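my_file-v4.cif, holding mmCIF, C-alpha atoms:
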```cif
data_data
#
loop_
_atom_site.label_atom_id
_atom_site.label_comp_id
_atom_site.auth_asym_id
_atom_site.auth_seq_id
_atom_site.Cartn_x
_atom_site.Cartn_y
_atom_site.Cartn_z
CA MET A 1 50.15 54.73 69.94
CA ALA A 2 47.94 51.83 68.85
CA ASP A 3 48.12 48.90 71.23
CA ASP A 4 49.92 45.84 69.93
CA LEU A 5 48.16 42.79 71.34
CA LYS A 6 49.04 39.16 70.73
CA VAL A 7 47.40 36.08 72.22
CA PHE A 8 49.23 32.75 72.30
CA ARG A 9 46.67 29.97 72.44
CA THR A 10 45.77 26.51 71.23
CA TRP A 11 42.55 25.80 69.31
CA SER A 12 41.10 23.92 72.29
CA SER A 13 42.46 25.55 75.45
CA PRO A 14 39.56 26.60 77.68
CA PHE A 15 41.88 28.96 79.59
CA ALA A 16 42.87 30.76 76.38
CA LEU A 17 39.18 31.18 75.50
CA ARG A 18 38.77 33.30 78.64
CA ILE A 19 41.25 35.78 77.20
CA ILE A 20 39.60 35.79 73.76
CA TRP A 21 36.23 36.49 75.37
CA ALA A 22 37.56 39.32 77.53
CA LEU A 23 39.36 41.00 74.63
CA GLN A 24 36.31 40.75 72.36
CA LEU A 25 33.89 41.90 75.08
CA LYS A 26 36.03 45.03 75.41
CA GLY A 27 36.13 45.51 71.64
CA LEU A 28 39.92 45.09 71.43
CA GLU A 29 41.86 43.98 68.37
CA TYR A 30 44.57 41.38 68.69
CA GLU A 31 46.70 38.95 66.72
CA THR A 32 46.30 35.23 67.44
CA ILE A 33 49.21 32.81 67.50
CA PHE A 34 48.15 29.17 67.60
CA GLU A 35 50.60 26.90 69.37
CA ASP A 36 51.20 23.20 68.97
CA LEU A 37 52.02 22.15 72.53
CA SER A 38 54.02 19.16 71.33
CA GLN A 39 56.34 21.63 69.59
CA LYS A 40 56.31 24.85 71.56
CA SER A 41 57.55 27.89 69.70
CA PRO A 42 60.70 29.69 70.91
CA LEU A 43 58.57 32.79 71.43
CA LEU A 44 56.19 30.99 73.79
CA LEU A 45 59.13 29.63 75.79
CA GLN A 46 60.61 33.11 75.92
CA TYR A 47 57.33 34.74 76.99
CA ASN A 48 56.35 32.12 79.58
CA PRO A 49 59.55 30.49 80.82
CA THR A 50 58.04 29.59 84.21
CA TYR A 51 55.19 27.41 82.99
CA LYS A 52 55.70 27.17 79.20
CA LYS A 53 51.90 27.19 78.77
CA VAL A 54 49.10 28.99 77.00
CA PRO A 55 47.47 31.43 77.21
CA VAL A 56 49.97 34.27 77.12
CA LEU A 57 48.94 37.82 76.35
CA VAL A 58 51.65 40.07 74.95
CA HIS A 59 50.88 43.79 75.15
CA ASN A 60 53.34 46.07 73.38
CA GLY A 61 55.98 43.38 73.76
CA LYS A 62 55.36 42.67 77.45
CA PRO A 63 54.07 39.18 78.29
CA ILE A 64 51.52 38.22 80.93
CA SER A 65 50.68 34.59 81.82
CA GLU A 66 48.06 32.77 83.92
CA SER A 67 44.51 33.35 82.70
CA LEU A 68 43.07 34.99 85.83
CA VAL A 69 46.11 37.29 86.09
CA ILE A 70 45.66 38.20 82.41
CA LEU A 71 41.94 38.91 82.95
CA GLU A 72 42.72 41.32 85.80
CA TYR A 73 45.35 43.01 83.61
CA ILE A 74 42.89 43.45 80.74
CA GLU A 75 40.29 44.81 83.17
CA GLU A 76 42.70 47.36 84.63
CA THR A 77 44.20 48.48 81.33
CA TRP A 78 40.96 48.88 79.32
CA LYS A 79 38.21 50.28 81.50
CA GLN A 80 35.30 50.00 79.05
CA ASP A 81 32.71 47.23 79.56
CA PRO A 82 33.96 46.33 83.05
CA LEU A 83 34.15 42.67 84.01
CA LEU A 84 34.50 43.21 87.76
CA PRO A 85 32.06 45.12 89.98
CA GLU A 86 33.18 48.38 91.62
CA ASP A 87 32.43 47.46 95.22
CA PRO A 88 35.48 45.87 96.96
CA TYR A 89 33.38 43.20 98.68
CA GLU A 90 31.68 42.17 95.44
CA ARG A 91 35.10 42.09 93.75
CA ALA A 92 36.42 39.82 96.52
CA LYS A 93 33.45 37.49 95.96
CA ALA A 94 34.04 37.38 92.19
CA ARG A 95 37.71 36.51 92.78
CA PHE A 96 36.79 33.92 95.42
CA TRP A 97 34.49 32.05 93.05
CA ALA A 98 36.96 32.23 90.16
CA LYS A 99 39.59 30.66 92.44
CA PHE A 100 37.13 28.01 93.62
CA ILE A 101 36.33 27.16 90.02
CA ASP A 102 40.00 26.79 89.09
CA GLU A 103 41.12 24.95 92.19
CA LYS A 104 38.28 22.76 93.45
CA LEU A 105 35.60 22.60 90.79
CA SER A 106 37.79 21.92 87.74
CA GLN A 107 39.65 18.99 89.25
CA SER A 108 36.48 17.36 90.52
CA VAL A 109 34.81 17.64 87.09
CA ILE A 110 37.89 16.39 85.22
CA ASP A 111 38.11 13.46 87.66
CA VAL A 112 34.77 12.24 86.29
CA LEU A 113 36.24 12.27 82.78
CA LEU A 114 39.46 10.54 83.77
CA THR A 115 38.08 7.67 85.85
CA GLU A 116 35.85 4.65 85.44
CA ALA A 117 33.94 2.10 87.52
CA LYS A 118 34.27 2.56 91.27
CA GLU A 119 36.63 5.53 91.08
CA GLN A 120 34.23 7.33 88.77
CA GLU A 121 31.27 6.47 91.01
CA GLU A 122 33.08 8.27 93.82
CA ALA A 123 34.10 11.21 91.64
CA VAL A 124 30.56 12.07 90.53
CA PRO A 125 29.12 13.14 93.91
CA ARG A 126 32.28 15.19 94.62
CA ALA A 127 31.82 17.09 91.36
CA LYS A 128 28.11 17.60 92.07
CA GLU A 129 28.85 18.90 95.57
CA ASN A 130 31.13 21.56 94.11
CA LEU A 131 28.56 22.40 91.41
CA LYS A 132 25.98 22.84 94.16
CA TYR A 133 28.00 25.73 95.63
CA ILE A 134 27.86 27.42 92.22
CA GLU A 135 24.14 26.69 91.94
CA GLU A 136 23.50 28.39 95.29
CA GLU A 137 25.67 31.38 94.44
CA LEU A 138 23.71 32.15 91.26
CA LYS A 139 20.76 33.21 93.43
CA GLY A 140 18.32 34.14 90.65
CA ASN A 141 20.73 36.38 88.73
CA LYS A 142 21.02 35.93 85.00
CA PHE A 143 24.80 35.98 85.28
CA PHE A 144 27.26 36.24 88.19
CA GLY A 145 28.02 39.66 86.76
CA GLY A 146 24.35 40.65 86.89
CA ALA A 147 22.67 41.52 83.60
CA THR A 148 25.86 41.02 81.56
CA ILE A 149 28.66 38.49 81.88
CA GLY A 150 31.58 39.28 84.17
CA PHE A 151 34.72 37.85 85.70
CA THR A 152 33.15 34.83 87.38
CA ASP A 153 31.03 33.97 84.33
CA ILE A 154 34.18 34.01 82.21
CA ALA A 155 35.97 31.79 84.77
CA LEU A 156 33.07 29.31 84.77
CA GLY A 157 32.41 29.50 81.03
CA TRP A 158 34.48 26.45 80.05
CA THR A 159 31.94 24.23 81.85
CA ALA A 160 29.24 25.24 79.38
CA ASN A 161 31.39 23.59 76.70
CA TRP A 162 33.00 20.72 78.61
CA LEU A 163 30.09 19.37 80.68
CA PRO A 164 28.02 18.37 77.62
CA LEU A 165 31.20 16.98 76.03
CA ILE A 166 31.96 14.92 79.14
CA GLU A 167 28.39 13.63 79.03
CA LYS A 168 28.82 12.64 75.38
CA VAL A 169 32.04 10.77 76.08
CA THR A 170 31.25 9.18 79.47
CA GLY A 171 27.45 9.04 79.47
CA ILE A 172 27.40 10.93 82.78
CA LYS A 173 25.17 13.99 83.04
CA LEU A 174 26.47 16.17 85.86
CA ILE A 175 24.01 19.03 85.34
CA ASP A 176 20.47 17.73 85.68
CA ALA A 177 17.95 20.53 84.98
CA ASP A 178 15.86 19.36 87.96
CA LYS A 179 18.69 19.41 90.49
CA PHE A 180 20.58 22.35 88.96
CA PRO A 181 17.94 24.67 87.48
CA ARG A 182 20.01 27.84 87.90
CA ILE A 183 23.20 26.47 86.34
CA SER A 184 21.15 24.99 83.49
CA GLU A 185 19.61 28.37 82.78
CA TRP A 186 22.95 30.12 83.22
CA MET A 187 24.49 27.81 80.60
CA GLN A 188 21.77 28.65 78.09
CA ASN A 189 22.08 32.39 78.70
CA PHE A 190 25.87 32.22 78.60
CA CYS A 191 25.92 30.36 75.30
CA ASP A 192 23.51 32.91 73.80
CA VAL A 193 25.95 35.80 74.32
CA PRO A 194 27.27 36.63 70.80
CA VAL A 195 30.97 36.74 71.78
CA ILE A 196 30.64 33.32 73.44
CA LYS A 197 28.67 31.78 70.60
CA ALA A 198 31.19 32.96 68.04
CA ASN A 199 34.24 31.39 69.66
CA TRP A 200 33.52 27.81 70.68
CA PRO A 201 36.00 25.36 69.15
CA SER A 202 34.70 22.75 66.69
CA TYR A 203 32.35 20.36 68.50
CA ASP A 204 33.51 17.29 66.58
CA LYS A 205 37.18 18.06 67.14
CA MET A 206 36.50 18.55 70.85
CA VAL A 207 34.66 15.22 71.15
CA THR A 208 37.64 13.47 69.56
CA LYS A 209 40.06 15.34 71.79
CA ILE A 210 38.19 14.66 75.03
CA GLN A 211 37.70 11.04 74.09
CA GLY A 212 41.45 10.88 73.49
CA ILE A 213 42.24 12.43 76.88
CA ARG A 214 40.05 9.87 78.62
CA GLU A 215 41.45 6.91 76.74
CA LYS A 216 45.03 7.94 77.31
CA CYS A 217 44.41 8.29 81.03
CA LEU A 218 42.61 4.96 81.35
CA ALA A 219 45.04 3.00 79.17
CA PRO A 220 46.93 0.29 81.10
CA LYS A 221 50.43 1.54 81.98
CA MET B 1 41.23 54.51 113.63
CA ALA B 2 39.96 51.89 116.07
CA SER B 3 37.61 49.46 114.45
CA THR B 4 35.97 46.45 116.06
CA ASP B 5 34.26 46.38 112.70
CA VAL B 6 37.14 44.16 111.53
CA LYS B 7 37.68 40.64 112.83
CA VAL B 8 40.29 38.15 111.68
CA ILE B 9 39.68 34.47 112.33
CA GLY B 10 43.02 32.73 112.35
CA ALA B 11 45.92 31.17 114.17
CA ALA B 12 49.15 33.00 115.00
CA PRO B 13 51.53 30.43 113.43
CA SER B 14 49.71 30.34 110.07
CA PRO B 15 51.63 32.18 107.33
CA PHE B 16 48.38 32.69 105.41
CA VAL B 17 46.83 34.38 108.43
CA ASN B 18 50.01 36.43 108.85
CA ARG B 19 49.47 37.86 105.35
CA VAL B 20 46.18 39.40 106.47
CA GLN B 21 47.65 40.77 109.69
CA ILE B 22 50.55 42.41 107.85
CA ALA B 23 48.20 43.99 105.30
CA LEU B 24 45.96 45.41 108.05
CA ASN B 25 49.03 46.74 109.87
CA LEU B 26 50.24 48.45 106.70
CA LYS B 27 46.90 50.27 106.52
CA SER B 28 46.90 50.96 110.29
CA VAL B 29 43.56 49.20 110.65
CA ASP B 30 42.72 47.85 114.09
CA TYR B 31 41.13 44.44 114.27
CA GLU B 32 39.97 41.80 116.69
CA PHE B 33 41.94 38.58 116.38
CA LEU B 34 39.89 35.46 117.01
CA GLU B 35 42.32 32.62 117.57
CA GLU B 36 41.19 29.20 116.41
CA LYS B 37 42.19 26.30 118.66
CA MET B 38 44.41 23.76 116.93
CA GLY B 39 42.48 20.64 116.01
CA SER B 40 39.00 22.18 116.10
CA LYS B 41 37.01 24.63 114.00
CA SER B 42 34.76 27.24 115.60
CA GLU B 43 31.10 27.76 114.70
CA LEU B 44 31.98 31.20 113.41
CA LEU B 45 34.66 29.82 111.08
CA LEU B 46 32.35 27.15 109.68
CA LYS B 47 29.61 29.73 109.18
CA SER B 48 31.93 32.31 107.61
CA ASN B 49 33.78 29.95 105.28
CA PRO B 50 31.41 27.06 104.58
CA VAL B 51 33.07 26.18 101.25
CA HIS B 52 36.64 25.66 102.50
CA LYS B 53 36.26 25.76 106.32
CA LYS B 54 39.75 27.26 106.51
CA ILE B 55 41.57 30.21 108.03
CA PRO B 56 42.15 33.05 107.47
CA VAL B 57 38.75 34.66 107.25
CA MET B 58 38.34 38.39 107.63
CA ILE B 59 34.96 39.74 108.67
CA HIS B 60 34.37 43.39 107.83
CA GLY B 61 31.10 44.95 108.90
CA GLY B 62 29.68 41.45 109.32
CA LYS B 63 30.68 40.33 105.80
CA PRO B 64 33.20 37.47 105.49
CA ILE B 65 36.06 37.47 102.99
CA CYS B 66 38.08 34.27 102.46
CA GLU B 67 41.38 33.21 100.81
CA SER B 68 44.42 35.11 102.06
CA LEU B 69 45.51 36.84 98.85
CA ILE B 70 41.93 37.80 98.03
CA ILE B 71 41.65 39.28 101.53
CA VAL B 72 44.89 41.27 101.00
CA GLN B 73 43.52 42.68 97.73
CA TYR B 74 40.26 43.52 99.48
CA ILE B 75 42.15 45.35 102.24
CA ASP B 76 44.01 47.34 99.58
CA GLU B 77 40.76 48.31 97.84
CA ALA B 78 38.65 48.97 100.94
CA TRP B 79 41.14 51.23 102.74
CA THR B 80 42.43 53.74 100.23
CA ASP B 81 43.87 56.16 102.84
CA GLY B 82 46.96 54.22 103.75
CA PRO B 83 49.91 53.18 101.54
CA SER B 84 49.00 51.09 98.47
CA ILE B 85 49.71 47.38 98.70
CA LEU B 86 49.52 46.61 94.98
CA PRO B 87 51.57 48.80 92.64
CA SER B 88 49.70 51.36 90.56
CA ASP B 89 50.97 50.30 87.12
CA PRO B 90 48.82 47.51 85.59
CA TYR B 91 51.84 45.56 84.30
CA ALA B 92 53.59 45.72 87.68
CA ARG B 93 50.30 44.56 89.26
CA ALA B 94 50.17 41.64 86.83
CA MET B 95 53.75 40.65 87.72
CA ALA B 96 52.96 40.85 91.44
CA ARG B 97 49.84 38.71 90.96
CA PHE B 98 51.67 36.22 88.74
CA TRP B 99 54.45 35.62 91.26
CA ALA B 100 52.04 35.54 94.22
CA ALA B 101 50.09 32.82 92.38
CA TYR B 102 53.41 31.01 91.77
CA VAL B 103 54.11 31.14 95.51
CA ASP B 104 50.76 29.50 96.30
CA ASP B 105 50.69 27.05 93.38
CA LYS B 106 54.34 25.94 93.22
CA PHE B 107 56.57 27.29 96.00
CA TYR B 108 54.33 26.42 98.94
CA PRO B 109 53.54 22.79 97.92
CA THR B 110 57.27 22.28 97.22
CA PHE B 111 58.12 23.72 100.64
CA ARG B 112 55.62 21.43 102.35
CA ALA B 113 56.85 18.42 100.41
CA PHE B 114 60.39 19.11 101.62
CA GLY B 115 59.17 19.32 105.21
CA SER B 116 57.34 16.01 105.03
CA ALA B 117 59.66 14.01 102.74
CA GLU B 118 60.82 10.72 104.20
CA GLY B 119 63.84 8.74 103.12
CA GLU B 120 67.09 9.97 101.58
CA GLU B 121 65.98 9.84 97.96
CA ALA B 122 62.65 11.59 98.50
CA LYS B 123 64.37 14.23 100.64
CA ALA B 124 66.99 14.87 97.94
CA VAL B 125 64.36 15.28 95.20
CA ALA B 126 62.22 17.57 97.36
CA ARG B 127 65.27 19.62 98.31
CA GLU B 128 66.26 20.13 94.67
CA GLN B 129 62.75 21.23 93.68
CA LEU B 130 62.57 23.63 96.62
CA MET B 131 65.94 25.21 95.81
CA GLU B 132 64.85 25.61 92.16
CA ALA B 133 61.72 27.45 93.32
CA ILE B 134 63.76 29.68 95.60
CA MET B 135 66.14 30.56 92.74
CA LEU B 136 63.13 31.58 90.65
CA LEU B 137 62.02 33.86 93.47
CA GLU B 138 65.54 35.34 93.66
CA ASP B 139 65.18 36.09 89.96
CA ALA B 140 61.71 37.56 90.50
CA PHE B 141 63.13 39.81 93.22
CA ALA B 142 65.57 41.32 90.73
CA LYS B 143 62.86 41.75 88.06
CA CYS B 144 60.10 43.15 90.29
CA GLY B 145 62.16 45.06 92.84
CA LYS B 146 64.51 46.51 90.22
CA GLY B 147 67.30 47.07 92.74
CA LYS B 148 65.09 48.55 95.44
CA ASP B 149 64.49 47.29 98.99
CA PHE B 150 61.38 45.20 98.38
CA PHE B 151 59.52 43.29 95.64
CA GLY B 152 57.10 46.22 95.77
CA GLY B 153 59.90 48.82 95.36
CA ASP B 154 60.63 51.28 98.18
CA THR B 155 57.90 49.93 100.42
CA ILE B 156 56.40 46.54 101.27
CA GLY B 157 53.79 45.40 98.78
CA TYR B 158 51.59 42.50 97.72
CA LEU B 159 54.35 40.17 96.62
CA ASP B 160 56.51 40.91 99.68
CA ILE B 161 53.55 39.86 101.83
CA ALA B 162 52.80 36.78 99.71
CA ILE B 163 56.35 35.45 100.07
CA GLY B 164 57.50 37.04 103.33
CA CYS B 165 54.82 35.34 105.41
CA PHE B 166 56.80 32.08 105.02
CA LEU B 167 60.06 33.44 106.45
CA GLY B 168 59.32 32.24 109.98
CA TRP B 169 58.67 28.67 108.81
CA MET B 170 61.62 28.79 106.42
CA ARG B 171 63.94 29.65 109.30
CA ALA B 172 62.38 26.88 111.38
CA VAL B 173 62.96 24.36 108.59
CA GLU B 174 66.55 25.61 108.20
CA LYS B 175 67.13 24.92 111.88
CA MET B 176 65.50 21.50 111.88
CA SER B 177 66.96 20.22 108.61
CA ASP B 178 70.41 21.79 108.67
CA ILE B 179 69.89 23.40 105.28
CA LYS B 180 70.27 26.98 104.09
CA LEU B 181 67.21 28.02 102.10
CA ILE B 182 68.08 31.69 101.83
CA ASP B 183 71.84 31.99 101.53
CA GLU B 184 73.91 35.18 101.48
CA THR B 185 76.02 34.06 98.52
CA LYS B 186 73.50 32.02 96.48
CA THR B 187 70.45 34.27 97.00
CA PRO B 188 71.86 37.66 97.99
CA GLY B 189 68.74 39.54 96.90
CA LEU B 190 66.40 37.45 99.04
CA PHE B 191 68.91 37.44 101.90
CA GLY B 192 68.93 41.23 102.22
CA TRP B 193 65.20 41.45 101.55
CA ALA B 194 64.38 38.92 104.28
CA LYS B 195 66.17 41.02 106.89
CA ARG B 196 64.43 44.22 105.81
CA PHE B 197 61.01 42.54 105.59
CA GLY B 198 61.30 40.83 108.96
CA SER B 199 62.28 44.03 110.77
CA ASN B 200 59.57 46.18 109.17
CA ALA B 201 57.13 47.76 111.64
CA ALA B 202 54.09 46.11 110.03
CA VAL B 203 55.73 42.69 110.12
CA LYS B 204 57.94 42.28 113.17
CA ASP B 205 55.24 41.51 115.70
CA VAL B 206 53.34 39.25 113.32
CA LEU B 207 55.87 36.66 112.14
CA PRO B 208 56.18 34.05 114.89
CA LYS B 209 59.59 33.42 116.47
CA THR B 210 61.62 30.60 114.95
CA GLU B 211 61.82 28.76 118.31
CA THR B 212 58.04 28.80 118.66
CA LEU B 213 57.57 27.31 115.20
CA VAL B 214 60.21 24.62 115.82
CA GLU B 215 58.30 23.62 118.97
CA ILE B 216 55.02 23.50 117.05
CA ALA B 217 56.60 21.40 114.30
CA LYS B 218 57.95 18.93 116.88
CA MET B 219 54.57 18.74 118.57
CA MET B 220 52.79 18.10 115.26
CA ALA B 221 55.32 15.41 114.32
CA ALA B 222 54.84 13.71 117.68
CA LYS B 223 51.06 13.79 117.26
CA ALA B 224 51.34 12.32 113.77
CA LYS B 225 53.57 9.49 115.05
CA ALA B 226 51.16 8.72 117.88
CA GLN B 227 48.32 8.07 115.39
#
```
Take the structure in this file and express it as structure tokens.
Amino acid sequence: MADDLKVFRTWSSPFALRIIWALQLKGLEYETIFEDLSQKSPLLLQYNPTYKKVPVLVHNGKPISESLVILEYIEETWKQDPLLPEDPYERAKARFWAKFIDEKLSQSVIDVLLTEAKEQEEAVPRAKENLKYIEEELKGNKFFGGATIGFTDIALGWTANWLPLIEKVTGIKLIDADKFPRISEWMQNFCDVPVIKANWPSYDKMVTKIQGIREKCLAPK
Amino acid sequence: MASTDVKVIGAAPSPFVNRVQIALNLKSVDYEFLEEKMGSKSELLLKSNPVHKKIPVMIHGGKPICESLIIVQYIDEAWTDGPSILPSDPYARAMARFWAAYVDDKFYPTFRAFGSAEGEEAKAVAREQLMEAIMLLEDAFAKCGKGKDFFGGDTIGYLDIAIGCFLGWMRAVEKMSDIKLIDETKTPGLFGWAKRFGSNAAVKDVLPKTETLVEIAKMMAAKAKAQ
């Protein structure tokens, strides 16, 4: 039976992009449903009643939510082009860094976008401290996954898009090639991967969107 | 098989540490328990978990693994002899992971907020959110367990461990706040499950006694007031 795969996403969601990348890296075919989060479809609400968010992957009618959970599902269901290493310790490390990225790193980077003046001055070193852990972990490998991208690279991938956008909108450059040579090189290599290159959302639309997010947050209440 | 190859850095009252202990017990893996003193962090902890500086940490053959649910998955993958902790079907695994993430991302913060809420209004709001979360878990029990004894089916699994580790503290909060979190009529699934989980051989010596946790909570509250 041919697999029926649907992905619920928005044009800009960095979490949904993770799923697109994983599916394409494994050579899988899927149908895309673009959501407008201001008017969520009944199907989305039915498939993800807990969070009502994207991405959702629906495989033969069965929905899975939460991007890292979806990635593990894809990895376990389609064994070609593995995203996780085989060794249990290396797998634990990959999961650890993905969790760090989602819990600590993301918030500290977004804080730089959403603040100004003194608050922003304090947010910048916090973001850089978290980025430093990533810098150290790269240890001279092309990707976290080794020669090809893997689970942790996919988890981190949104930064390759958002950090330059945050710089454009705030003027703050978090990744300085001098202080973060490994991450800088990782970003170049990551963006060169054909599946990654082919799926970035429109740069201009993203600048407008990120600008909008910042302005909305900073607007007097 | 005895193994001083496995060390767990933790503290007995921590539900996150308890997850690791239960998982090791399920696999019949011996380990050395290195108890952290409350209020201070050992050199070994800081060296083994420099990013978060938190317990639990499991050290296997000298290599540290951090984050309780990641450690539980590691235990499942490293010891393949014993019973499986995650189910074998990928969709069932995804459901277990989804709800375990819900426990950490939504249930636990809501539980903590209820414990620390001050003032009638804040307490009422926190209580409502906590009861909503518990009802979702009651629902998840029906969906994942499908009428069997545990979230994992016939035997204790990943999601049982992820939720069950909080039973000690939930009972302590019930005692201190005069509230029923798991109720025989409102949450019959969880009610029966809690009894079975708590009396399981891999669990019963791990979950701290309610009285002990109430004492610890009182002590922590007194300390906080003194500051």
Next item on the list: Please write as number ranges by chain the full residue list that the PyMOL selection byres ((chain B) within 8 of (chain A)) yields on this file.
Entry: B: 51, 65-67, 70-71, 73-74, 77-78, 90-91, 93-95, 97-98
Write out, as a PDB file, in the coordinates of the input, the residues just selected, with C-alpha atoms.
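Okay, selection35.pdb is ready:
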```pdb
ATOM      1  CA  VAL B  51      33.070  26.180 101.250  1.00  0.00           C
ATOM      2  CA  ILE B  65      36.060  37.470 102.990  1.00  0.00           C
ATOM      3  CA  CYS B  66      38.080  34.270 102.460  1.00  0.00           C
ATOM      4  CA  GLU B  67      41.380  33.210 100.810  1.00  0.00           C
ATOM      5  CA  ILE B  70      41.930  37.800  98.030  1.00  0.00           C
ATOM      6  CA  ILE B  71      41.650  39.280 101.530  1.00  0.00           C
ATOM      7  CA  GLN B  73      43.520  42.680  97.730  1.00  0.00           C
ATOM      8  CA  TYR B  74      40.260  43.520  99.480  1.00  0.00           C
ATOM      9  CA  GLU B  77      40.760  48.310  97.840  1.00  0.00           C
ATOM     10  CA  ALA B  78      38.650  48.970 100.940  1.00  0.00           C
ATOM     11  CA  PRO B  90      48.820  47.510  85.590  1.00  0.00           C
ATOM     12  CA  TYR B  91      51.840  45.560  84.300  1.00  0.00           C
ATOM     13  CA  ARG B  93      50.300  44.560  89.260  1.00  0.00           C
ATOM     14  CA  ALA B  94      50.170  41.640  86.830  1.00  0.00           C
ATOM     15  CA  MET B  95      53.750  40.650  87.720  1.00  0.00           C
ATOM     16  CA  ARG B  97      49.840  38.710  90.960  1.00  0.00           C
ATOM     17  CA  PHE B  98      51.670  36.220  88.740  1.00  0.00           C
TER      18      PHE B  98
END
```
Note to self: Between B:Val20, B:Leu130, B:Leu167, B:Leu213, which residue has the minimum interatomic distance to Asp76 of chain B, considering only C-alpha atoms?
What the structure shows: B:Val20
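The gap separating atom CA of Leu190 of chain B from atom CA of Lys209 of chain B is 19.1 Å, in Å to one decimal.
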Would you list the residues near (32.9, 43.6, 107.7) (no more than 12 Å away, in the coordinates of the file, using all atoms listed in the file) as a short mmCIF file (atom, residue, chain, number, x, y, z; two decimals) with C-alpha atoms, keeping the file's coordinate frame?
```
data_model
loop_
_atom_site.label_atom_id
_atom_site.label_comp_id
_atom_site.auth_asym_id
_atom_site.auth_seq_id
_atom_site.Cartn_x
_atom_site.Cartn_y
_atom_site.Cartn_z
CA PRO A 88 35.48 45.87 96.96
CA TYR A 89 33.38 43.20 98.68
CA SER B 3 37.61 49.46 114.45
CA THR B 4 35.97 46.45 116.06
CA ASP B 5 34.26 46.38 112.70
CA VAL B 6 37.14 44.16 111.53
CA LYS B 7 37.68 40.64 112.83
CA VAL B 8 40.29 38.15 111.68
CA TYR B 31 41.13 44.44 114.27
CA GLU B 32 39.97 41.80 116.69
CA SER B 48 31.93 32.31 107.61
CA VAL B 57 38.75 34.66 107.25
CA MET B 58 38.34 38.39 107.63
CA ILE B 59 34.96 39.74 108.67
CA HIS B 60 34.37 43.39 107.83
CA GLY B 61 31.10 44.95 108.90
CA GLY B 62 29.68 41.45 109.32
CA LYS B 63 30.68 40.33 105.80
CA PRO B 64 33.20 37.47 105.49
CA ILE B 65 36.06 37.47 102.99
CA CYS B 66 38.08 34.27 102.46
CA ILE B 71 41.65 39.28 101.53
CA TYR B 74 40.26 43.52 99.48
CA ILE B 75 42.15 45.35 102.24
CA ALA B 78 38.65 48.97 100.94
#
```
Contacts of Thr115 of chain A at 10 Å or less, counting all atoms listed in the file, minus same-chain residues fewer than 3 places along, as a compact mmCIF listing (two decimals) with C-alpha atoms, keeping the file's coordinate frame?
```txt
# COMPACT_ATOMS: atom_id res chain seq x y z
CA ILE A 110 37.89 16.39 85.22
CA ASP A 111 38.11 13.46 87.66
CA VAL A 112 34.77 12.24 86.29
CA LYS A 118 34.27 2.56 91.27
CA GLU A 119 36.63 5.53 91.08
CA GLN A 120 34.23 7.33 88.77
CA GLU A 121 31.27 6.47 91.01
CA GLU A 122 33.08 8.27 93.82
CA ALA A 123 34.10 11.21 91.64
CA VAL A 124 30.56 12.07 90.53
CA THR A 170 31.25 9.18 79.47
CA ARG A 214 40.05 9.87 78.62
CA GLU A 215 41.45 6.91 76.74
CA CYS A 217 44.41 8.29 81.03
CA LEU A 218 42.61 4.96 81.35
```
Note to self: If we draw a sphere of 8 Å around (28.6, 25.8, 77.3), which residues have at least one atom in it when counting all atoms listed in the file? Please report them as number ranges by chain.
What the structure shows: A: 157-164, 187-188, 190-191
Checklist line | Residue nearest Phe180 of chain A among A:Trp11, A:Glu31, A:Trp21, A:Leu138 (counting all atoms listed in the file) | finding: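 Looking only at the distances to Phe180 of chain A, the closest residue turns out to be A:Leu138.
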Margin query: Between atom CA of Trp200 of chain A and atom CA of Lys168 of chain A, what distance in Å does the model show, to one decimal?
Written below: 16.6 Å
Check: Separation of atom CA of Ser177 of chain B and atom CA of Phe150 of chain B, in Å?
Finding: 27.6 Å
Checklist line | Selection near Thr155 of chain B, 9 Å with all atoms listed in the file, sequence-local residues under 5 positions removed, as a PyMOL selection string | finding: chain B and resi 83+85+148-150
Output the residue selection produced by the PyMOL selection byres ((chain B and resi 157-161) around 7) on the file above, formatted as a short mmCIF file (atom, residue, chain, number, x, y, z; two decimals) with C-alpha atoms, in the frame of the given file.
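File produced: selection.cif:
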```cif
data_model
loop_
_atom_site.label_atom_id
_atom_site.label_comp_id
_atom_site.auth_asym_id
_atom_site.auth_seq_id
_atom_site.Cartn_x
_atom_site.Cartn_y
_atom_site.Cartn_z
CA ARG B 19 49.47 37.86 105.35
CA ILE B 85 49.71 47.38 98.70
CA LEU B 86 49.52 46.61 94.98
CA ALA B 96 52.96 40.85 91.44
CA ALA B 100 52.04 35.54 94.22
CA PHE B 150 61.38 45.20 98.38
CA PHE B 151 59.52 43.29 95.64
CA GLY B 152 57.10 46.22 95.77
CA THR B 155 57.90 49.93 100.42
CA ILE B 156 56.40 46.54 101.27
CA ALA B 162 52.80 36.78 99.71
CA ILE B 163 56.35 35.45 100.07
CA GLY B 164 57.50 37.04 103.33
CA CYS B 165 54.82 35.34 105.41
#
```
Next item on the list: For the structure shown, which residues end up in the PyMOL selection byres ((chain A and resi 23) around 12)? Put them as JSON, numbers by chain, please?
Entry: {"A": [5, 6, 7, 16, 17, 18, 19, 20, 21, 22, 24, 25, 26, 27, 28, 29, 30, 31, 32, 57, 59, 70, 71, 72, 73, 74, 75, 77, 78, 79, 80, 81, 82, 83, 154, 195, 196, 199]}
Check: For Lys175 of chain B, which residue among B:Pro50, B:Pro15, B:Gly10, B:Gly115 is the nearest when counting all atoms listed in the file?
Finding: B:Gly115
